[in-house]
$ cat structure_12.csv   # CSV, C-alpha atoms and all ligand atoms
chain,number,residue,atom,x,y,z
A,134,MET,CA,49.4,-203.9,3.6
A,135,GLN,CA,51.2,-206.2,1.2
A,136,ALA,CA,48.9,-205.0,-1.7
A,137,GLU,CA,49.6,-201.4,-0.7
A,138,LEU,CA,53.3,-201.9,-0.8
A,139,ASN,CA,53.2,-203.7,-4.2
A,140,THR,CA,51.2,-200.7,-5.6
A,141,ILE,CA,53.8,-198.2,-4.3
A,142,VAL,CA,56.7,-200.2,-5.8
A,143,ALA,CA,54.9,-200.6,-9.1
A,144,GLN,CA,54.1,-196.9,-9.1
A,145,VAL,CA,57.7,-195.9,-8.5
A,146,GLY,CA,58.9,-198.2,-11.3
A,147,GLU,CA,56.4,-196.8,-13.7
A,148,LYS,CA,57.1,-193.1,-12.9
A,149,ALA,CA,60.9,-193.6,-12.9
A,150,SER,CA,61.3,-193.8,-16.7
A,151,SER,CA,59.6,-190.4,-17.3
A,152,ILE,CA,61.7,-188.4,-14.8
A,153,THR,CA,64.1,-186.0,-16.7
A,154,THR,CA,65.2,-183.4,-14.1
A,155,ARG,CA,66.5,-183.4,-10.6
A,156,ALA,CA,63.6,-181.2,-9.4
A,157,GLU,CA,61.1,-183.7,-10.8
A,158,PHE,CA,63.0,-186.5,-9.1
A,159,GLU,CA,63.1,-184.7,-5.7
A,160,ALA,CA,59.4,-183.9,-5.8
A,161,PHE,CA,58.4,-187.4,-6.8
A,162,LYS,CA,60.7,-188.9,-4.1
A,163,ALA,CA,59.0,-186.8,-1.5
A,164,THR,CA,55.6,-188.2,-2.4
A,165,ILE,CA,57.0,-191.7,-1.7
A,166,SER,CA,59.5,-191.5,1.2
A,167,GLY,CA,59.1,-187.9,2.4
A,168,PRO,CA,57.5,-187.2,5.8
A,169,LYS,CA,54.0,-187.4,4.2
A,170,GLY,CA,55.0,-189.9,1.5
A,171,SER,CA,53.0,-193.0,0.7
A,172,LEU,CA,55.7,-195.4,1.9
A,173,THR,CA,56.2,-193.4,5.1
A,174,GLU,CA,52.4,-193.6,5.8
A,175,VAL,CA,52.5,-197.4,5.5
A,176,MET,CA,55.4,-197.5,7.9
A,177,LYS,CA,53.5,-195.4,10.3
A,178,GLY,CA,50.7,-198.0,10.2
A,179,MET,CA,53.1,-200.5,11.8
A,180,GLY,CA,52.1,-199.2,15.2
A,181,ALA,CA,48.6,-200.7,14.8
A,182,VAL,CA,49.8,-204.1,13.6
A,183,PRO,CA,49.3,-206.9,16.1
A,184,LYS,CA,52.6,-207.9,17.8
A,185,GLU,CA,52.7,-211.4,16.3
A,186,ASP,CA,52.4,-210.0,12.7
A,187,LYS,CA,55.1,-207.4,13.2
A,188,PRO,CA,58.1,-209.4,12.0
A,189,ALA,CA,56.4,-210.5,8.8
A,190,MET,CA,55.2,-206.9,8.1
A,191,GLY,CA,58.6,-205.5,8.9
A,192,LYS,CA,60.1,-207.8,6.4
A,193,LEU,CA,57.7,-206.8,3.6
A,194,ILE,CA,58.3,-203.1,4.3
A,195,ASN,CA,62.1,-203.6,4.2
A,196,GLU,CA,61.8,-205.4,0.9
A,197,ALA,CA,59.6,-202.6,-0.5
A,198,LYS,CA,62.1,-199.9,0.8
A,199,THR,CA,65.0,-201.7,-0.9
A,200,ALA,CA,63.2,-202.1,-4.2
A,201,VAL,CA,62.2,-198.4,-4.2
A,202,GLN,CA,65.7,-197.3,-3.3
A,203,ALA,CA,67.2,-199.3,-6.1
A,204,ILE,CA,64.9,-197.6,-8.6
A,205,PHE,CA,65.7,-194.2,-7.1
A,206,ASP,CA,69.5,-194.9,-7.4
A,207,ALA,CA,69.1,-195.9,-11.0
A,208,VAL,CA,67.1,-192.8,-11.8
A,209,LEU,CA,69.8,-190.6,-10.1
A,210,GLU,CA,72.6,-192.3,-12.0
A,211,GLY,CA,70.7,-191.7,-15.3
A,212,LEU,CA,70.3,-188.0,-14.4
A,213,GLU,CA,74.0,-187.6,-13.5
A,214,ALA,CA,75.0,-189.3,-16.8
A,215,ALA,CA,72.7,-186.9,-18.7
A,216,GLU,CA,74.1,-183.9,-16.9
A,217,MET,CA,77.7,-185.0,-17.7
A,218,ALA,CA,76.8,-185.5,-21.3
A,219,ALA,CA,75.2,-182.1,-21.5
A,220,ARG,CA,78.4,-180.5,-20.0
A,221,LEU,CA,80.6,-182.3,-22.5
A,222,GLY,CA,78.6,-181.0,-25.4
A,223,PRO,CA,77.8,-182.9,-28.6
A,224,PRO,CA,80.0,-186.0,-29.2
A,225,ILE,CA,82.9,-185.4,-31.5
A,226,ASP,CA,84.7,-188.0,-33.6
A,227,PRO,CA,88.4,-187.1,-33.7
A,228,THR,CA,89.0,-189.5,-36.6
A,229,LEU,CA,86.8,-187.5,-39.0
A,230,PRO,CA,88.6,-185.4,-41.7
A,231,PRO,CA,88.9,-181.7,-40.8
A,232,PRO,CA,86.1,-179.5,-42.1
A,233,ASP,CA,88.5,-177.5,-44.4
A,234,ALA,CA,89.3,-180.8,-46.1
A,235,GLY,CA,93.1,-180.3,-45.7
A,236,ARG,CA,95.1,-183.1,-44.3
A,237,GLY,CA,96.5,-182.6,-40.8
A,238,THR,CA,100.3,-182.1,-40.5
A,239,LEU,CA,102.8,-182.6,-37.8
A,240,HIS,CA,103.3,-179.6,-35.4
A,241,PRO,CA,106.3,-177.5,-36.5
A,242,ILE,CA,108.2,-178.6,-33.4
A,243,ALA,CA,107.5,-182.3,-34.2
A,244,GLN,CA,108.6,-181.7,-37.8
A,245,VAL,CA,112.0,-180.4,-36.7
A,246,ARG,CA,112.3,-183.2,-34.1
A,247,GLU,CA,111.6,-185.8,-36.8
A,248,GLU,CA,114.1,-184.2,-39.2
A,249,MET,CA,116.8,-184.3,-36.5
A,250,VAL,CA,116.0,-187.8,-35.2
A,251,ASN,CA,116.0,-189.2,-38.8
A,252,LEU,CA,119.3,-187.6,-39.5
A,253,PHE,CA,120.9,-189.3,-36.5
A,254,ARG,CA,119.2,-192.5,-37.3
A,255,ARG,CA,120.9,-192.6,-40.7
A,256,ILE,CA,124.3,-192.4,-39.0
A,257,GLY,CA,123.7,-195.3,-36.6
A,258,PHE,CA,121.9,-193.7,-33.6
A,259,SER,CA,118.8,-195.3,-32.2
A,260,VAL,CA,116.1,-193.5,-30.3
A,261,ALA,CA,115.9,-193.9,-26.5
A,262,GLU,CA,113.2,-192.6,-24.2
A,263,ALA,CA,112.6,-192.2,-20.5
A,264,THR,CA,109.8,-190.7,-18.4
A,265,GLU,CA,109.1,-187.0,-17.9
A,266,VAL,CA,108.8,-187.5,-14.2
A,267,GLU,CA,112.2,-188.2,-12.8
A,268,THR,CA,114.0,-188.4,-9.5
A,269,GLU,CA,116.8,-186.2,-8.2
A,270,HIS,CA,119.2,-189.0,-8.6
A,271,TYR,CA,118.7,-189.5,-12.3
A,272,CYS,CA,118.2,-185.9,-13.1
A,273,PHE,CA,121.1,-184.6,-11.0
A,274,ASP,CA,123.3,-186.8,-8.8
A,275,ALA,CA,124.2,-189.4,-11.4
A,276,LEU,CA,125.0,-186.6,-13.8
A,277,ASN,CA,127.5,-185.2,-11.3
A,278,ILE,CA,125.4,-182.2,-10.6
A,279,PRO,CA,126.1,-181.2,-6.9
A,280,ALA,CA,123.5,-180.8,-4.2
A,281,ASP,CA,124.0,-177.0,-4.2
A,282,HIS,CA,123.5,-176.5,-7.9
A,283,PRO,CA,120.9,-173.8,-8.7
A,284,ALA,CA,118.9,-176.2,-10.9
A,285,ARG,CA,118.1,-178.2,-7.8
A,286,ASP,CA,116.5,-175.3,-6.1
A,287,MET,CA,112.7,-175.5,-5.6
A,288,GLN,CA,112.5,-172.1,-7.5
A,289,ASP,CA,114.1,-173.6,-10.6
A,290,SER,CA,112.6,-177.0,-11.0
A,291,TYR,CA,109.1,-178.5,-10.5
A,292,TYR,CA,109.2,-180.9,-7.6
A,293,LEU,CA,106.4,-183.4,-6.9
A,294,PRO,CA,104.7,-183.6,-3.5
A,295,ASP,CA,106.8,-185.6,-1.0
A,296,THR,CA,104.0,-188.0,-0.3
A,297,LEU,CA,103.6,-189.1,-3.9
A,298,LYS,CA,105.0,-192.4,-5.2
A,299,VAL,CA,105.3,-192.8,-8.9
A,300,ALA,CA,105.1,-196.5,-9.6
A,301,ASN,CA,106.8,-196.6,-13.1
A,302,VAL,CA,109.7,-194.3,-12.1
A,303,SER,CA,112.3,-196.2,-10.1
A,304,GLN,CA,114.1,-194.3,-7.3
A,305,HIS,CA,117.7,-194.8,-6.5
A,306,ALA,CA,117.1,-194.3,-2.7
A,307,GLU,CA,114.2,-192.4,-1.3
A,308,GLU,CA,115.0,-189.2,-3.2
A,309,LYS,CA,112.5,-186.6,-4.4
A,310,TYR,CA,110.6,-186.8,-7.7
A,311,LEU,CA,110.5,-183.8,-10.1
A,312,LEU,CA,109.7,-183.1,-13.7
A,313,ARG,CA,112.9,-183.6,-15.6
A,314,THR,CA,114.8,-180.4,-16.3
A,315,HIS,CA,116.7,-181.9,-19.3
A,316,THR,CA,116.8,-185.0,-21.4
A,317,SER,CA,120.3,-185.9,-20.0
A,318,THR,CA,118.4,-188.2,-17.6
A,319,VAL,CA,118.0,-190.6,-20.6
A,320,GLN,CA,121.7,-191.0,-20.8
A,321,ILE,CA,121.8,-192.4,-17.3
A,322,ARG,CA,118.7,-194.6,-17.6
A,323,THR,CA,120.1,-196.0,-20.9
A,324,MET,CA,123.6,-196.6,-19.6
A,325,LEU,CA,122.2,-198.5,-16.6
A,326,GLU,CA,120.4,-200.9,-19.0
A,327,ALA,CA,122.6,-201.3,-22.0
A,328,LYS,CA,126.3,-202.3,-22.4
A,329,PRO,CA,128.6,-200.2,-24.7
A,330,PRO,CA,128.7,-199.6,-27.6
A,331,ILE,CA,125.8,-197.2,-27.0
A,332,ARG,CA,124.7,-194.7,-29.6
A,333,ILE,CA,121.4,-193.0,-28.9
A,334,VAL,CA,119.4,-189.8,-29.3
A,335,ALA,CA,116.7,-189.0,-26.9
A,336,PRO,CA,114.1,-186.4,-27.9
A,337,GLY,CA,111.6,-185.3,-25.2
A,338,ARG,CA,109.8,-182.8,-23.1
A,339,CYS,CA,111.6,-180.9,-20.3
A,340,PHE,CA,110.3,-178.5,-17.6
A,341,ARG,CA,111.9,-175.5,-15.9
A,342,ARG,CA,110.4,-172.7,-13.8
A,343,ASP,CA,111.1,-170.0,-16.3
A,344,THR,CA,109.0,-166.8,-16.7
A,345,PRO,CA,107.7,-167.2,-20.2
A,346,ASP,CA,109.1,-164.7,-22.7
A,347,ALA,CA,110.1,-164.7,-26.4
A,348,THR,CA,112.8,-167.4,-25.8
A,349,HIS,CA,111.8,-169.1,-22.6
A,350,SER,CA,109.0,-171.5,-21.8
A,351,ALA,CA,108.4,-173.6,-18.7
A,352,ASN,CA,107.8,-176.5,-20.9
A,353,PHE,CA,110.1,-177.1,-23.9
A,354,HIS,CA,111.8,-179.9,-25.8
A,355,GLN,CA,115.4,-181.2,-26.1
A,356,ILE,CA,117.3,-183.8,-28.0
A,357,GLU,CA,120.1,-185.5,-26.1
A,358,GLY,CA,122.8,-187.5,-27.9
A,359,LEU,CA,125.2,-190.1,-26.4
A,360,TYR,CA,127.9,-192.3,-27.9
A,361,VAL,CA,129.9,-194.6,-25.7
A,362,ASP,CA,132.5,-197.1,-26.9
A,363,GLN,CA,136.2,-197.7,-26.7
A,364,ASN,CA,138.3,-195.0,-28.3
A,365,VAL,CA,135.6,-192.4,-28.8
A,366,THR,CA,137.3,-189.0,-29.1
A,367,LEU,CA,136.5,-185.4,-29.5
A,368,LEU,CA,137.2,-185.7,-33.2
A,369,ASP,CA,134.1,-188.1,-33.4
A,370,LEU,CA,132.0,-185.5,-31.6
A,371,LYS,CA,133.1,-182.7,-33.8
A,372,ALA,CA,132.6,-184.7,-37.0
A,373,THR,CA,129.1,-185.8,-36.0
A,374,LEU,CA,128.0,-182.3,-35.0
A,375,ASP,CA,129.5,-180.9,-38.2
A,376,HIS,CA,127.5,-183.3,-40.2
A,377,PHE,CA,124.4,-182.5,-38.2
A,378,VAL,CA,124.7,-178.7,-38.7
A,379,LYS,CA,125.5,-179.0,-42.4
A,380,THR,CA,122.6,-181.3,-43.0
A,381,ILE,CA,120.1,-179.2,-41.1
A,382,PHE,CA,121.3,-175.7,-42.0
A,383,GLY,CA,123.0,-176.2,-45.4
A,384,ALA,CA,126.5,-177.1,-46.7
A,385,LYS,CA,127.8,-173.6,-46.3
A,386,ALA,CA,127.3,-173.6,-42.5
A,387,LYS,CA,130.5,-173.5,-40.4
A,388,THR,CA,130.8,-174.7,-36.8
A,389,ARG,CA,133.0,-174.0,-33.8
A,390,LEU,CA,133.4,-175.4,-30.3
A,391,ARG,CA,133.8,-172.9,-27.5
A,392,PRO,CA,135.1,-174.1,-24.1
A,393,SER,CA,132.4,-174.2,-21.5
A,394,PHE,CA,131.4,-176.1,-18.4
A,395,PHE,CA,128.8,-178.9,-17.7
A,396,PRO,CA,129.1,-181.1,-14.6
A,397,PHE,CA,128.5,-184.3,-16.7
A,398,THR,CA,131.2,-183.6,-19.4
A,399,GLU,CA,134.9,-183.0,-19.3
A,400,PRO,CA,136.0,-181.2,-21.4
A,401,SER,CA,132.8,-179.3,-22.1
A,402,PHE,CA,131.9,-177.0,-25.0
A,403,GLU,CA,129.2,-174.8,-26.5
A,404,MET,CA,128.7,-175.5,-30.2
A,405,ASP,CA,128.1,-172.4,-32.4
A,406,PHE,CA,127.4,-172.3,-36.0
A,407,PHE,CA,127.5,-169.6,-38.7
A,408,SER,CA,125.6,-169.5,-42.0
A,409,PRO,CA,125.4,-167.1,-44.9
A,410,ASP,CA,121.9,-168.2,-45.8
A,411,LEU,CA,119.8,-167.5,-42.7
A,412,GLY,CA,118.0,-164.2,-43.5
A,413,LYS,CA,118.3,-161.9,-40.5
A,414,LEU,CA,120.4,-164.4,-38.7
A,415,SER,CA,123.0,-164.7,-41.4
A,416,ASN,CA,126.7,-164.3,-40.8
A,417,LYS,CA,126.7,-164.3,-37.0
A,418,TRP,CA,127.7,-167.1,-34.7
A,419,LEU,CA,124.6,-168.7,-33.1
A,420,GLU,CA,124.9,-170.9,-30.1
A,421,ILE,CA,122.9,-174.1,-30.5
A,422,MET,CA,124.0,-176.7,-28.1
A,423,GLY,CA,126.1,-178.0,-25.2
A,424,CYS,CA,128.4,-180.9,-25.6
A,425,GLY,CA,131.5,-182.6,-24.4
A,426,MET,CA,133.2,-185.9,-23.5
A,427,VAL,CA,131.3,-187.9,-20.8
A,428,ASP,CA,132.8,-187.2,-17.4
A,429,PRO,CA,134.4,-190.2,-15.8
A,430,GLU,CA,132.2,-189.5,-12.7
A,431,VAL,CA,129.1,-190.2,-14.8
A,432,PHE,CA,130.5,-193.5,-16.0
A,433,LYS,CA,131.2,-194.5,-12.4
A,434,ALA,CA,127.6,-193.6,-11.4
A,435,VAL,CA,126.3,-196.1,-14.0
A,436,GLY,CA,128.9,-198.8,-13.5
A,437,ILE,CA,130.8,-198.3,-16.8
A,438,ASP,CA,134.6,-198.5,-16.5
A,439,PRO,CA,136.1,-195.1,-17.5
A,440,GLY,CA,139.4,-196.8,-17.9
A,441,VAL,CA,138.0,-198.9,-20.8
A,442,TYR,CA,135.3,-196.7,-22.3
A,443,THR,CA,135.1,-193.1,-23.4
A,444,GLY,CA,132.1,-191.2,-24.9
A,445,TYR,CA,130.6,-188.0,-26.0
A,446,ALA,CA,127.3,-186.3,-25.2
A,447,PHE,CA,125.4,-183.4,-26.5
A,448,GLY,CA,122.1,-181.7,-25.8
A,449,MET,CA,120.1,-179.0,-27.5
A,450,GLY,CA,116.7,-177.3,-27.4
A,451,ILE,CA,114.5,-178.3,-30.3
A,452,GLU,CA,112.6,-175.0,-30.1
A,453,ARG,CA,115.9,-173.1,-30.6
A,454,ILE,CA,116.7,-175.0,-33.8
A,455,ALA,CA,113.1,-174.8,-35.0
A,456,MET,CA,113.0,-171.0,-34.4
A,457,ILE,CA,116.2,-170.5,-36.5
A,458,LEU,CA,115.1,-172.9,-39.2
A,459,GLN,CA,111.5,-171.6,-39.4
A,460,GLY,CA,112.3,-167.9,-38.8
A,461,VAL,CA,110.1,-167.8,-35.8
A,462,ASP,CA,111.0,-165.0,-33.3
A,463,ASP,CA,108.8,-165.8,-30.4
A,464,ILE,CA,108.7,-169.3,-28.8
A,465,ARG,CA,105.2,-168.8,-27.5
A,466,TYR,CA,103.7,-169.1,-31.1
A,467,TYR,CA,104.5,-172.8,-30.9
A,468,TYR,CA,102.2,-173.4,-28.0
A,469,GLN,CA,99.2,-171.3,-28.9
A,470,ASN,CA,97.9,-173.8,-31.5
A,471,ASP,CA,96.6,-171.0,-33.7
A,472,VAL,CA,96.0,-172.6,-37.1
A,473,ARG,CA,97.0,-169.5,-38.9
A,474,PHE,CA,100.5,-170.0,-37.5
A,475,LEU,CA,100.5,-173.8,-37.8
A,476,LYS,CA,99.3,-173.7,-41.4
A,477,GLN,CA,102.5,-171.9,-42.5
A,478,PHE,CA,104.4,-175.1,-41.8
A,479,ALA,CA,102.0,-177.5,-43.6
A,501,LIG,N1,121.7,-180.9,-20.2
A,501,LIG,C1,122.1,-179.6,-20.7
A,501,LIG,C2,121.1,-178.6,-20.5
A,501,LIG,O1,119.9,-178.9,-20.4
A,501,LIG,C3,122.5,-179.7,-22.2
A,501,LIG,C4,123.7,-180.6,-22.4
A,501,LIG,C5,124.9,-180.0,-22.4
A,501,LIG,C6,123.6,-181.9,-22.6
A,501,LIG,C7,126.1,-180.7,-22.6
A,501,LIG,C8,124.7,-182.7,-22.8
A,501,LIG,C9,126.0,-182.1,-22.8
A,501,LIG,O2,124.7,-184.0,-23.0
A,501,LIG,O3,127.1,-182.8,-23.0
A,501,LIG,O4,121.4,-177.4,-20.5

$ encode --input "structure_12.csv" --output "structure tokens"
Amino acid sequence: MQAELNTIVAQVGEKASSITTRAEFEAFKATISGPKGSLTEVMKGMGAVPKEDKPAMGKLINEAKTAVQAIFDAVLEGLEAAEMAARLGPPIDPTLPPPDAGRGTLHPIAQVREEMVNLFRRIGFSVAEATEVETEHYCFDALNIPADHPARDMQDSYYLPDTLKVANVSQHAEEKYLLRTHTSTVQIRTMLEAKPPIRIVAPGRCFRRDTPDATHSANFHQIEGLYVDQNVTLLDLKATLDHFVKTIFGAKAKTRLRPSFFPFTEPSFEMDFFSPDLGKLSNKWLEIMGCGMVDPEVFKAVGIDPGVYTGYAFGMGIERIAMILQGVDDIRYYYQNDVRFLKQFA
């Protein structure tokens, strides 16, 4: 019986390397361990083995079964890997140069983001970042946005399942997680970590439940700005934003602040600009961002004394600026990754 078992194991080992399909595998497996398989037949012979020899024989059979199973497992693993490779298609090397020999360029949104960030860097701002997954506290409460604000509605924001824990996003209490609806979250996370003076811009991706159209996308980008120090005034805000607009849109551009409301700034404004050199958009006031002086309630939420410090904040959509600058009239072009569109900004 020992010899028989050895032969079976050897036979399985030999055949294994030539199996290339699951059908072949199943058919071969049946000839070994199926109801009429060779290994099964040997096991059936156990009945005729004298009682005193049974333990030794049982041991040999078990060893053979284990050896055969190990080979079958390896074959199956190989077949699965081959199937996966077939599904993935031929291997690609993303580091190879593109077939049309052109050099890649930044996406048009990234180009505008870099231009804006570099501008602010030159006047003393550094770049801050936080996660795209946030909690209600950092996205809303700490920014003085009340519980009944529409943005907090399930219909307006993307909430994560209640059962999920996100290890790298700290919660304030046990509040819900969501995808951040604006980059103002970075203000809060930054002020909790750094002491004034603080001067940051925070570019990043934001998410809202919008029905996509020419000017709305459920996923878009913003740049947030924050400056906190002693004696920061509205004049500093106006001067900085003026500089921003004139650098991005040209020296002839004019700006104006219009009273508005945001829960996290008081007073709050919309900033508009006007330019004679914008093609179809020339000579009309275009709204480009929200801004204002940091609300004392926000300072209290992050442990900064509003009696000592003041600050300004602003936030704008990168797509909005990019569309004006690049003459793009439908936001969806930015996300379709059609090279005919992208190449125009190379
Ligand atoms: N977070 C606002 C939004 O997403 C934009 C904004 C407005 C940011 C005013 C600010 C600000 O920092 O002061 O609509």

$ residues_around --input "structure_12.csv" --residues "Phe158 (chain A)" --least-positions-apart "6" --cutoff "12 Å" --atoms "all atoms listed in the file" --output "number ranges by chain"
A: 145, 148-152, 164-166, 204-213

$ closest_residue --input "structure_12.csv" --among "A:Lys433, A:His315, A:Arg155, A:Arg285" --to "ligand LIG 501 (chain A)" --atoms "only C-alpha atoms and all ligand atoms"
A:His315

$ residues_around --input "structure_12.csv" --residues "Ile451 (chain A)" --least-positions-apart "4" --cutoff "7 Å" --atoms "all atoms listed in the file" --output "short mmCIF file (atom, residue, chain, number, x, y, z; two decimals) with C-alpha atoms, keeping the file's coordinate frame"
data_model
loop_
_atom_site.label_atom_id
_atom_site.label_comp_id
_atom_site.auth_asym_id
_atom_site.auth_seq_id
_atom_site.Cartn_x
_atom_site.Cartn_y
_atom_site.Cartn_z
CA ARG A 246 112.30 -183.20 -34.10
CA HIS A 354 111.80 -179.90 -25.80
CA GLN A 355 115.40 -181.20 -26.10
CA ILE A 356 117.30 -183.80 -28.00
CA ALA A 455 113.10 -174.80 -35.00
#

$ residues_near_ligand --input "structure_12.csv" --ligand "ligand LIG 501 (chain A)" --cutoff "8 Å" --atoms "only C-alpha atoms and all ligand atoms" --output "list in words"
Thr314, His315, Thr316, Ser317, Gln320, Gln355, Glu357, Gly358, Leu359, Phe395, Phe397, Thr398, Ser401, Phe402, Glu403, Met422, Gly423, Cys424, Gly425, Met426, Val427, Tyr445, Ala446, Phe447, Gly448, Met449 and Gly450 of chain A

$ atom_distance --input "structure_12.csv" --atom1 "CA of Ile381 (chain A)" --atom2 "CA of Glu248 (chain A)"
8.0 Å

$ closest_atom_pairs --input "structure_12.csv" --of "region 143-216 of chain A" --to "region 220-244 of chain A" --cutoff "10 Å" --atoms "only C-alpha atoms" --output "tab-separated table"
residue	atom	partner	partner_atom	distance
A:Ala214	CA	A:Arg220	CA	10.0
A:Ala215	CA	A:Arg220	CA	8.7
A:Glu216	CA	A:Arg220	CA	6.3

$ atom_distance --input "structure_12.csv" --atom1 "CA of Phe478 (chain A)" --atom2 "CA of Pro336 (chain A)"
20.4 Å

$ closest_residue --input "structure_12.csv" --among "A:Glu267, A:Gln144, A:Trp418, A:Val435" --to "Glu326 (chain A)" --atoms "all atoms listed in the file"
A:Val435

$ residues_around --input "structure_12.csv" --residues "Ala384 (chain A)" --least-positions-apart "6" --cutoff "10 Å" --atoms "all atoms listed in the file" --output "list in words"
Asp375, His376, Val378 and Ser408 of chain A

$ atom_distance --input "structure_12.csv" --atom1 "CA of Val260 (chain A)" --atom2 "CA of Ala327 (chain A)"
13.1 Å

$ residues_around --input "structure_12.csv" --residues "Arg342 (chain A)" --least-positions-apart "2" --cutoff "6 Å" --atoms "all atoms listed in the file" --output "number ranges by chain"
A: 289-290, 351

$ residues_around --input "structure_12.csv" --residues "Phe432 (chain A)" --least-positions-apart "5" --cutoff "9 Å" --atoms "all atoms listed in the file" --output "PyMOL selection string"
chain A and resi 275+321+324+427+437-439+442-443

$ write_last_selection --input "structure_12.csv" --atoms "C-alpha atoms" --output "compact mmCIF listing (two decimals), in the coordinates of the input"
# COMPACT_ATOMS: atom_id res chain seq x y z
CA ALA A 275 124.20 -189.40 -11.40
CA ILE A 321 121.80 -192.40 -17.30
CA MET A 324 123.60 -196.60 -19.60
CA VAL A 427 131.30 -187.90 -20.80
CA ILE A 437 130.80 -198.30 -16.80
CA ASP A 438 134.60 -198.50 -16.50
CA PRO A 439 136.10 -195.10 -17.50
CA TYR A 442 135.30 -196.70 -22.30
CA THR A 443 135.10 -193.10 -23.40

$ closest_residue --input "structure_12.csv" --among "A:Ala143, A:Val319, A:Pro396, A:Leu297" --to "Ala284 (chain A)" --atoms "all atoms listed in the file"
A:Pro396

$ residues_near_point --input "structure_12.csv" --point "(122.7, -193.7, -35.8)" --cutoff "12 Å" --atoms "all atoms listed in the file" --output "PyMOL selection string"
chain A and resi 249-261+330-335+358-360+373+377
